[in-house]
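Worksheet for the structure shown next.
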Amino acid sequence: MIPILEVKDLVYTHRVKRSIFKPIDEFILGPINFALNAGETLAITGHNGSGKTLLAKSLVGAITPQQGSILLEGKEAKQSDKKTRNHDVRLILQHSKYSLNPAITVGSILNQTLRLNAELNEKDRKTKIEHTLVKVGLLREHYYFYRHMLSDGQQQRVSLARAMILDPKVIVADEPFAALDPSVRSQTVNLILDIQQELGMAFVFISQNLGIVRHISDKVMIMDKGKVIEAGSSQAVFNAPQHELTKKLIDSHFSLVDKHFEQF
Amino acid sequence: MPLLDIKNLTVEIDTGSEFVKALDKVSLTVESGEIRALVGESGSGKSLIVSAIIGAVPDHWIITADRLTWKGHNLLAMSNEQRRIIMRREIAVVFQDPTSALDPSATLRAQLEESIPEEFLDKGMFWQRNKQRREIAIGLMHKVGIKNHEACMQRYPHEIATDIAQKFMIAMALVSEPELLIADDSTRSMESTTKNQILRLLSGLNETKKLSILFVSHDLLAISSMAHTMTVLYCGQTVESGKVQDLHNRPLHPYTKALLDSAPSFQINLPPKSHLVSLQGTIPTLKHLPIGCRLGPRCPNARKECVKVPEQRMVNQHSYSCHFPLHLPIDEQLEKNQ
């Protein structure tokens, strides 16, 4: 079986020269390797500033990696090939609130995506948008809503709708649950699980919340300073972490859980 | 006598056309030496309670309370000067967003040294004061777990990472050795190792220095690992409050139960990728608050009685406000009400 998304030796170097007297600040991401099958979920976790967001951006083609290749269903996805890139890999940004245009309605936001990436006439576009809105748990009326009229959870749903309206093969999400409250968060988790099961797409997400990572991911990747320090199936990594830092992260999470259960 | 005692606090916000009760009869007490957690979703008025305690609420909002006392003194009847003295020495607040709560135009050193009270600098002559200030500041930075203090001290708030800023805010709050620390969402956006560090620091201070903490958060894992008692807030109404253990073992309010069930970490036998428990819908906006019990439209057990605001009831130090609490069968309740 050909994996739906395969990343081989991806390297991205970020250089900043602040002043001529100071050495160049360099951040090297990678080399990163992984493969993801349809219907699988990969979770990326790690400390702040470990390059998780850079990896997400390079997966969707928002930044150009210097080395390595990204393969979509066995075919190399070129940076210049924006059409398939935009169509097949979709990104959900960290703050869905700020990633939605406040000046246009939800319908127009989704319509724009369709107009630029799919060849549908106006009537088809409208039915498609309504269909997608219902699928993510919103109403048809939300077509005419502006961003500020929606709650946090609903805004998250709109970003999800924007990501999945093109029926992508992969969805990449950067901290999709961080800004959400507990009850809305579990709603979103349920929604993503349902959609994934229904459409069978691959899902890559970044999260700090190890409870949720463990619950919904098939594979985990732990990053530190741009390098992958541990990767594997979630069960294996959570049961027997190998790397020092992974152990620390997982232990500190579970020490809180244990403390909780000790009380009772 | 409790350190901080709030009874039926109501805050009404001017929305332009009418006044909306953003907080509706909230009660909360913090005993001395206690860690009290205040749980609620965003928009439930957690931060508003904090602002009401410290007095940072705009003048045209209406604040009424049966009691809002600090060690028996009524905070609402105090003059601004008296209140400021209490805020300076006895209550310390760590605000929600650390990087925006710090002064962007001053270095961290300047900000931390400025907040050291004069009384702490009693050793030596006046020209030795600056050195003392510096030593106290460095000691504090180490205490909260910032190791390379030199690199941090010279920086401006926008140059440091959020978790360091958070630790720095805690250092600044602890400088005047307060009796009550109000931590507003201190563990948000932290990875689990840093979070653990902060929680250990706070519970350590609670044990060694008898520091009372009001821990405002929606991170249930952090709360259950260190808090003694907790108060659950929904949409500006107190829903349930009591010991953390009691609430976890036997939640009486449907909202508390849904909140606790929604965290996957608390359920050991949860198969991976299964559905999590969640309530329908989202928290209503201030302009569209339902009448009566504000959970009404989302509540799985809602009946027609729920359009009346439920009264607070007590069972063994465990108070709840619900017409149909989970420990009593609903039919029995209906009969009783009739």
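Convention: chains lettered A, B, ... in structure tokens order; per-chain residue numbering from 1; ligands numbered from 1 as shown.
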Wanna dump the chain B-chain A contacts at 6 Å for me, each residue with its shortest atom pair and the distance in Å to one decimal, counting only C-alpha atoms, ordered by chain and number, as CSV?
```
residue,atom,partner,partner_atom,distance
B:Glu41,CA,A:Asp181,CA,5.4
B:Glu191,CA,A:Gln208,CA,5.7
B:Ser192,CA,A:His253,CA,5.6
B:Thr193,CA,A:Ser252,CA,5.6
B:Ser224,CA,A:His260,CA,5.6
B:Ser225,CA,A:His260,CA,5.3
B:Ser262,CA,A:Ser186,CA,6.0
B:Pro264,CA,A:Gly211,CA,5.8
B:Ser265,CA,A:Gly211,CA,5.0
B:Pro272,CA,A:His215,CA,4.9
B:Lys273,CA,A:Ile216,CA,4.9
B:His275,CA,A:Asn190,CA,5.5
B:Leu276,CA,A:Ser186,CA,5.7
B:Ser278,CA,A:Ser183,CA,5.4
```
Those selected residues, please, written with N, CA and C atoms and delivered as a PDB file, in the first residue's frame.
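The result, written out as selection.pdb:
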```pdb
ATOM      1  N   GLU B  41     -15.389  27.669  31.768  1.00  0.00           N
ATOM      2  CA  GLU B  41     -14.942  27.856  30.399  1.00  0.00           C
ATOM      3  C   GLU B  41     -14.666  29.327  30.162  1.00  0.00           C
ATOM      4  N   GLU B 191       4.040  23.357  28.094  1.00  0.00           N
ATOM      5  CA  GLU B 191       4.172  21.912  27.946  1.00  0.00           C
ATOM      6  C   GLU B 191       4.205  21.291  29.333  1.00  0.00           C
ATOM      7  N   SER B 192       4.027  19.974  29.383  1.00  0.00           N
ATOM      8  CA  SER B 192       3.735  19.364  30.689  1.00  0.00           C
ATOM      9  C   SER B 192       4.890  19.485  31.670  1.00  0.00           C
ATOM     10  N   THR B 193       6.145  19.528  31.195  1.00  0.00           N
ATOM     11  CA  THR B 193       7.250  19.626  32.157  1.00  0.00           C
ATOM     12  C   THR B 193       7.245  20.986  32.858  1.00  0.00           C
ATOM     13  N   SER B 224      -6.727  19.072  39.814  1.00  0.00           N
ATOM     14  CA  SER B 224      -6.916  17.930  40.707  1.00  0.00           C
ATOM     15  C   SER B 224      -5.601  17.487  41.315  1.00  0.00           C
ATOM     16  N   SER B 225      -4.460  17.898  40.732  1.00  0.00           N
ATOM     17  CA  SER B 225      -3.198  17.472  41.322  1.00  0.00           C
ATOM     18  C   SER B 225      -2.781  18.366  42.485  1.00  0.00           C
ATOM     19  N   SER B 262     -15.227  15.078  30.199  1.00  0.00           N
ATOM     20  CA  SER B 262     -14.694  15.489  28.898  1.00  0.00           C
ATOM     21  C   SER B 262     -13.177  15.355  28.828  1.00  0.00           C
ATOM     22  N   PRO B 264      -9.969  13.324  28.609  1.00  0.00           N
ATOM     23  CA  PRO B 264      -9.639  11.923  28.351  1.00  0.00           C
ATOM     24  C   PRO B 264      -8.663  11.342  29.356  1.00  0.00           C
ATOM     25  N   SER B 265      -7.858  12.211  30.020  1.00  0.00           N
ATOM     26  CA  SER B 265      -6.851  11.690  30.946  1.00  0.00           C
ATOM     27  C   SER B 265      -7.470  11.057  32.182  1.00  0.00           C
ATOM     28  N   PRO B 272      -8.919   3.928  22.683  1.00  0.00           N
ATOM     29  CA  PRO B 272      -8.450   5.012  21.825  1.00  0.00           C
ATOM     30  C   PRO B 272      -9.431   5.274  20.694  1.00  0.00           C
ATOM     31  N   LYS B 273      -9.527   6.515  20.304  1.00  0.00           N
ATOM     32  CA  LYS B 273     -10.368   6.944  19.181  1.00  0.00           C
ATOM     33  C   LYS B 273     -11.859   6.789  19.433  1.00  0.00           C
ATOM     34  N   HIS B 275     -15.497   8.064  21.176  1.00  0.00           N
ATOM     35  CA  HIS B 275     -16.074   9.395  21.366  1.00  0.00           C
ATOM     36  C   HIS B 275     -15.927   9.856  22.808  1.00  0.00           C
ATOM     37  N   LEU B 276     -15.675  11.148  22.965  1.00  0.00           N
ATOM     38  CA  LEU B 276     -15.605  11.712  24.304  1.00  0.00           C
ATOM     39  C   LEU B 276     -16.983  12.239  24.670  1.00  0.00           C
ATOM     40  N   SER B 278     -19.567  14.887  25.723  1.00  0.00           N
ATOM     41  CA  SER B 278     -19.615  16.341  25.668  1.00  0.00           C
ATOM     42  C   SER B 278     -21.055  16.809  25.681  1.00  0.00           C
TER      43      SER B 278
END
```
Neighbouring residues of range 17-32 of chain B were defined as those with any atom within 6 Å, considering only C-alpha atoms; residues of the same chain fewer than 6 positions away were excluded. Please report them as a PyMOL selection string. chain B and resi 2-11+212+236-238
Emit the selected residues as a PDB file, in the first residue's frame, including C-alpha atoms.
```
ATOM      1  CA  PRO B   2     -12.018  33.031  55.812  1.00  0.00           C
ATOM      2  CA  LEU B   3      -9.333  35.161  54.240  1.00  0.00           C
ATOM      3  CA  LEU B   4     -11.407  36.169  51.257  1.00  0.00           C
ATOM      4  CA  ASP B   5     -15.156  35.878  51.459  1.00  0.00           C
ATOM      5  CA  ILE B   6     -17.459  36.581  48.542  1.00  0.00           C
ATOM      6  CA  LYS B   7     -21.196  36.107  48.860  1.00  0.00           C
ATOM      7  CA  ASN B   8     -23.719  36.778  46.083  1.00  0.00           C
ATOM      8  CA  LEU B   9     -21.450  38.939  43.978  1.00  0.00           C
ATOM      9  CA  THR B  10     -23.283  40.366  40.989  1.00  0.00           C
ATOM     10  CA  VAL B  11     -21.599  42.375  38.264  1.00  0.00           C
ATOM     11  CA  SER B 212      -3.358  30.743  49.996  1.00  0.00           C
ATOM     12  CA  GLY B 236     -21.496  33.723  35.580  1.00  0.00           C
ATOM     13  CA  GLN B 237     -23.319  31.425  37.974  1.00  0.00           C
ATOM     14  CA  THR B 238     -21.681  29.206  40.585  1.00  0.00           C
TER      15      THR B 238
END
```
Exercise: Glu130 in chain A partners within 9 Å, only C-alpha atoms, chain neighbours under 2 positions left out, as a PyMOL selection string: chain A and resi 107+125-128+132-135+139-143
Go ahead and write the selection's residues with C-alpha atoms as a compact mmCIF listing (two decimals), in the first residue's frame.
```
# COMPACT_ATOMS: atom_id res chain seq x y z
CA GLY A 107 -20.17 31.65 2.92
CA ARG A 125 -20.51 25.73 -5.10
CA LYS A 126 -23.41 26.83 -2.97
CA THR A 127 -24.74 23.28 -2.50
CA LYS A 128 -21.24 22.09 -1.68
CA THR A 132 -19.99 20.99 4.23
CA LEU A 133 -21.46 23.32 6.84
CA VAL A 134 -23.94 20.65 7.85
CA LYS A 135 -21.18 18.05 7.93
CA LEU A 139 -26.47 25.17 10.09
CA ARG A 140 -27.15 26.25 6.50
CA GLU A 141 -27.94 29.72 7.84
CA HIS A 142 -24.35 30.14 8.96
CA TYR A 143 -23.59 30.88 5.30
```
Could you tell me, as JSON, numbers by chain, which residues of range 131-232 of chain B DSSP assigns to helix (DSSP H, G or I) when given the backbone? {"B": [131, 132, 133, 134, 135, 136, 137, 138, 139, 140, 141, 142, 143, 149, 150, 151, 152, 153, 157, 158, 159, 162, 163, 164, 165, 166, 167, 168, 169, 170, 171, 172, 173, 174, 192, 193, 194, 195, 196, 197, 198, 199, 200, 201, 202, 203, 204, 205, 206, 207, 208, 209, 220, 221, 222, 223, 224, 225, 226]}
Determine, counting only C-alpha atoms, which protein, DNA and RNA residues have an atom within 6 Å of an atom of range 283-293 of chain B; residues of the same chain fewer than 4 positions away are not included. Present the result as a ChimeraX atom specification. /B:306-309
Can you spit out the residues from that selection as a CSV table (one decimal), in the first residue's frame, using C-alpha atoms?
```csv
chain,number,residue,atom,x,y,z
B,306,CYS,CA,-35.3,25.0,35.1
B,307,VAL,CA,-36.5,28.4,34.0
B,308,LYS,CA,-36.4,29.4,37.6
B,309,VAL,CA,-32.9,30.1,39.0
```
Could you pull out the residues in range 18-50 of chain A that DSSP calls strand (DSSP E) from the backbone, as a PDB file with N, CA and C atoms, in the first residue's frame?
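Saved to out-v7.pdb:
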```pdb
ATOM      1  N   ASP A  25      21.892  33.812  13.668  1.00  0.00           N
ATOM      2  CA  ASP A  25      21.004  32.879  14.365  1.00  0.00           C
ATOM      3  C   ASP A  25      20.541  31.840  13.362  1.00  0.00           C
ATOM      4  N   GLU A  26      20.765  30.585  13.694  1.00  0.00           N
ATOM      5  CA  GLU A  26      20.399  29.564  12.728  1.00  0.00           C
ATOM      6  C   GLU A  26      19.464  28.561  13.376  1.00  0.00           C
ATOM      7  N   PHE A  27      18.433  28.211  12.671  1.00  0.00           N
ATOM      8  CA  PHE A  27      17.550  27.159  13.163  1.00  0.00           C
ATOM      9  C   PHE A  27      17.407  26.125  12.064  1.00  0.00           C
ATOM     10  N   ILE A  28      17.815  24.903  12.362  1.00  0.00           N
ATOM     11  CA  ILE A  28      17.723  23.845  11.352  1.00  0.00           C
ATOM     12  C   ILE A  28      16.614  22.888  11.737  1.00  0.00           C
ATOM     13  N   LEU A  29      15.675  22.729  10.836  1.00  0.00           N
ATOM     14  CA  LEU A  29      14.590  21.774  11.053  1.00  0.00           C
ATOM     15  C   LEU A  29      14.907  20.520  10.258  1.00  0.00           C
ATOM     16  N   GLY A  30      14.906  19.400  10.934  1.00  0.00           N
ATOM     17  CA  GLY A  30      15.081  18.153  10.199  1.00  0.00           C
ATOM     18  C   GLY A  30      16.457  17.554  10.345  1.00  0.00           C
ATOM     19  N   PRO A  31      16.809  16.495   9.645  1.00  0.00           N
ATOM     20  CA  PRO A  31      15.990  15.853   8.611  1.00  0.00           C
ATOM     21  C   PRO A  31      14.813  15.088   9.214  1.00  0.00           C
ATOM     22  N   ILE A  32      13.676  15.184   8.516  1.00  0.00           N
ATOM     23  CA  ILE A  32      12.458  14.555   9.020  1.00  0.00           C
ATOM     24  C   ILE A  32      11.962  13.511   8.028  1.00  0.00           C
ATOM     25  N   ASN A  33      11.634  12.361   8.559  1.00  0.00           N
ATOM     26  CA  ASN A  33      11.115  11.264   7.750  1.00  0.00           C
ATOM     27  C   ASN A  33       9.864  10.713   8.403  1.00  0.00           C
ATOM     28  N   PHE A  34       8.815  10.573   7.645  1.00  0.00           N
ATOM     29  CA  PHE A  34       7.687   9.775   8.139  1.00  0.00           C
ATOM     30  C   PHE A  34       6.764   9.421   6.991  1.00  0.00           C
ATOM     31  N   ALA A  35       5.936   8.445   7.234  1.00  0.00           N
ATOM     32  CA  ALA A  35       4.945   8.043   6.225  1.00  0.00           C
ATOM     33  C   ALA A  35       3.618   7.855   6.929  1.00  0.00           C
ATOM     34  N   LEU A  36       2.568   8.245   6.247  1.00  0.00           N
ATOM     35  CA  LEU A  36       1.249   8.217   6.868  1.00  0.00           C
ATOM     36  C   LEU A  36       0.258   7.595   5.892  1.00  0.00           C
ATOM     37  N   THR A  41      -3.679   8.949  11.994  1.00  0.00           N
ATOM     38  CA  THR A  41      -3.461  10.244  12.618  1.00  0.00           C
ATOM     39  C   THR A  41      -2.051  10.307  13.171  1.00  0.00           C
ATOM     40  N   LEU A  42      -1.350  11.370  12.823  1.00  0.00           N
ATOM     41  CA  LEU A  42      -0.006  11.582  13.371  1.00  0.00           C
ATOM     42  C   LEU A  42      -0.061  12.786  14.291  1.00  0.00           C
ATOM     43  N   ALA A  43       0.454  12.621  15.496  1.00  0.00           N
ATOM     44  CA  ALA A  43       0.509  13.749  16.421  1.00  0.00           C
ATOM     45  C   ALA A  43       1.947  14.206  16.551  1.00  0.00           C
ATOM     46  N   ILE A  44       2.162  15.504  16.501  1.00  0.00           N
ATOM     47  CA  ILE A  44       3.498  16.057  16.688  1.00  0.00           C
ATOM     48  C   ILE A  44       3.483  16.819  17.998  1.00  0.00           C
ATOM     49  N   THR A  45       4.433  16.512  18.859  1.00  0.00           N
ATOM     50  CA  THR A  45       4.459  17.228  20.127  1.00  0.00           C
ATOM     51  C   THR A  45       5.901  17.569  20.488  1.00  0.00           C
ATOM     52  N   GLY A  46       6.082  18.421  21.453  1.00  0.00           N
ATOM     53  CA  GLY A  46       7.421  18.856  21.827  1.00  0.00           C
ATOM     54  C   GLY A  46       7.358  20.203  22.493  1.00  0.00           C
TER      55      GLY A  46
END
```
Let me make sure I understand: among B:Thr162, B:Asn80, B:Ser203, B:Ser319, which one has the smallest atom-to-atom distance to Leu181 in chain B if we use only C-alpha atoms? B:Ser203
Polymer residues at most 8 Å from Pro178 in chain B, only C-alpha atoms, same-chain spacing of 4 or more positions, as a PDB file with C-alpha atoms, in the first residue's frame:
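Full text of result_20.pdb as output:
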```pdb
ATOM      1  CA  ARG B  89       1.196  43.789  50.272  1.00  0.00           C
ATOM      2  CA  GLU B  90      -1.435  41.158  50.887  1.00  0.00           C
ATOM      3  CA  ILE B  91      -2.973  40.038  47.601  1.00  0.00           C
ATOM      4  CA  ALA B  92      -0.881  39.378  44.512  1.00  0.00           C
ATOM      5  CA  ALA B 173       3.742  38.466  42.415  1.00  0.00           C
ATOM      6  CA  LEU B 174       5.740  36.728  45.142  1.00  0.00           C
ATOM      7  CA  LEU B 211       0.290  30.932  51.017  1.00  0.00           C
TER       8      LEU B 211
END
```
Suppose you want the space between CA of Ile206 in chain A and CA of Met226 in chain B; what is it in Å?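 Taking CA of Ile206 in chain A and CA of Met226 in chain B, their separation equals 27.2 Å.
Nearest to Lys52 in chain A of all the residues A:Gln94, A:Ser80, A:Asn239, A:Asn117 is A:Gln94, counting only C-alpha atoms.
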Pick from A:Leu5, A:Leu138, A:Ala118, A:Ala103 nearest to Glu76 in chain A, counting only C-alpha atoms: A:Leu5
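The space separating CA of Leu121 in chain B from CA of His142 in chain B comes to 19.3 Å.
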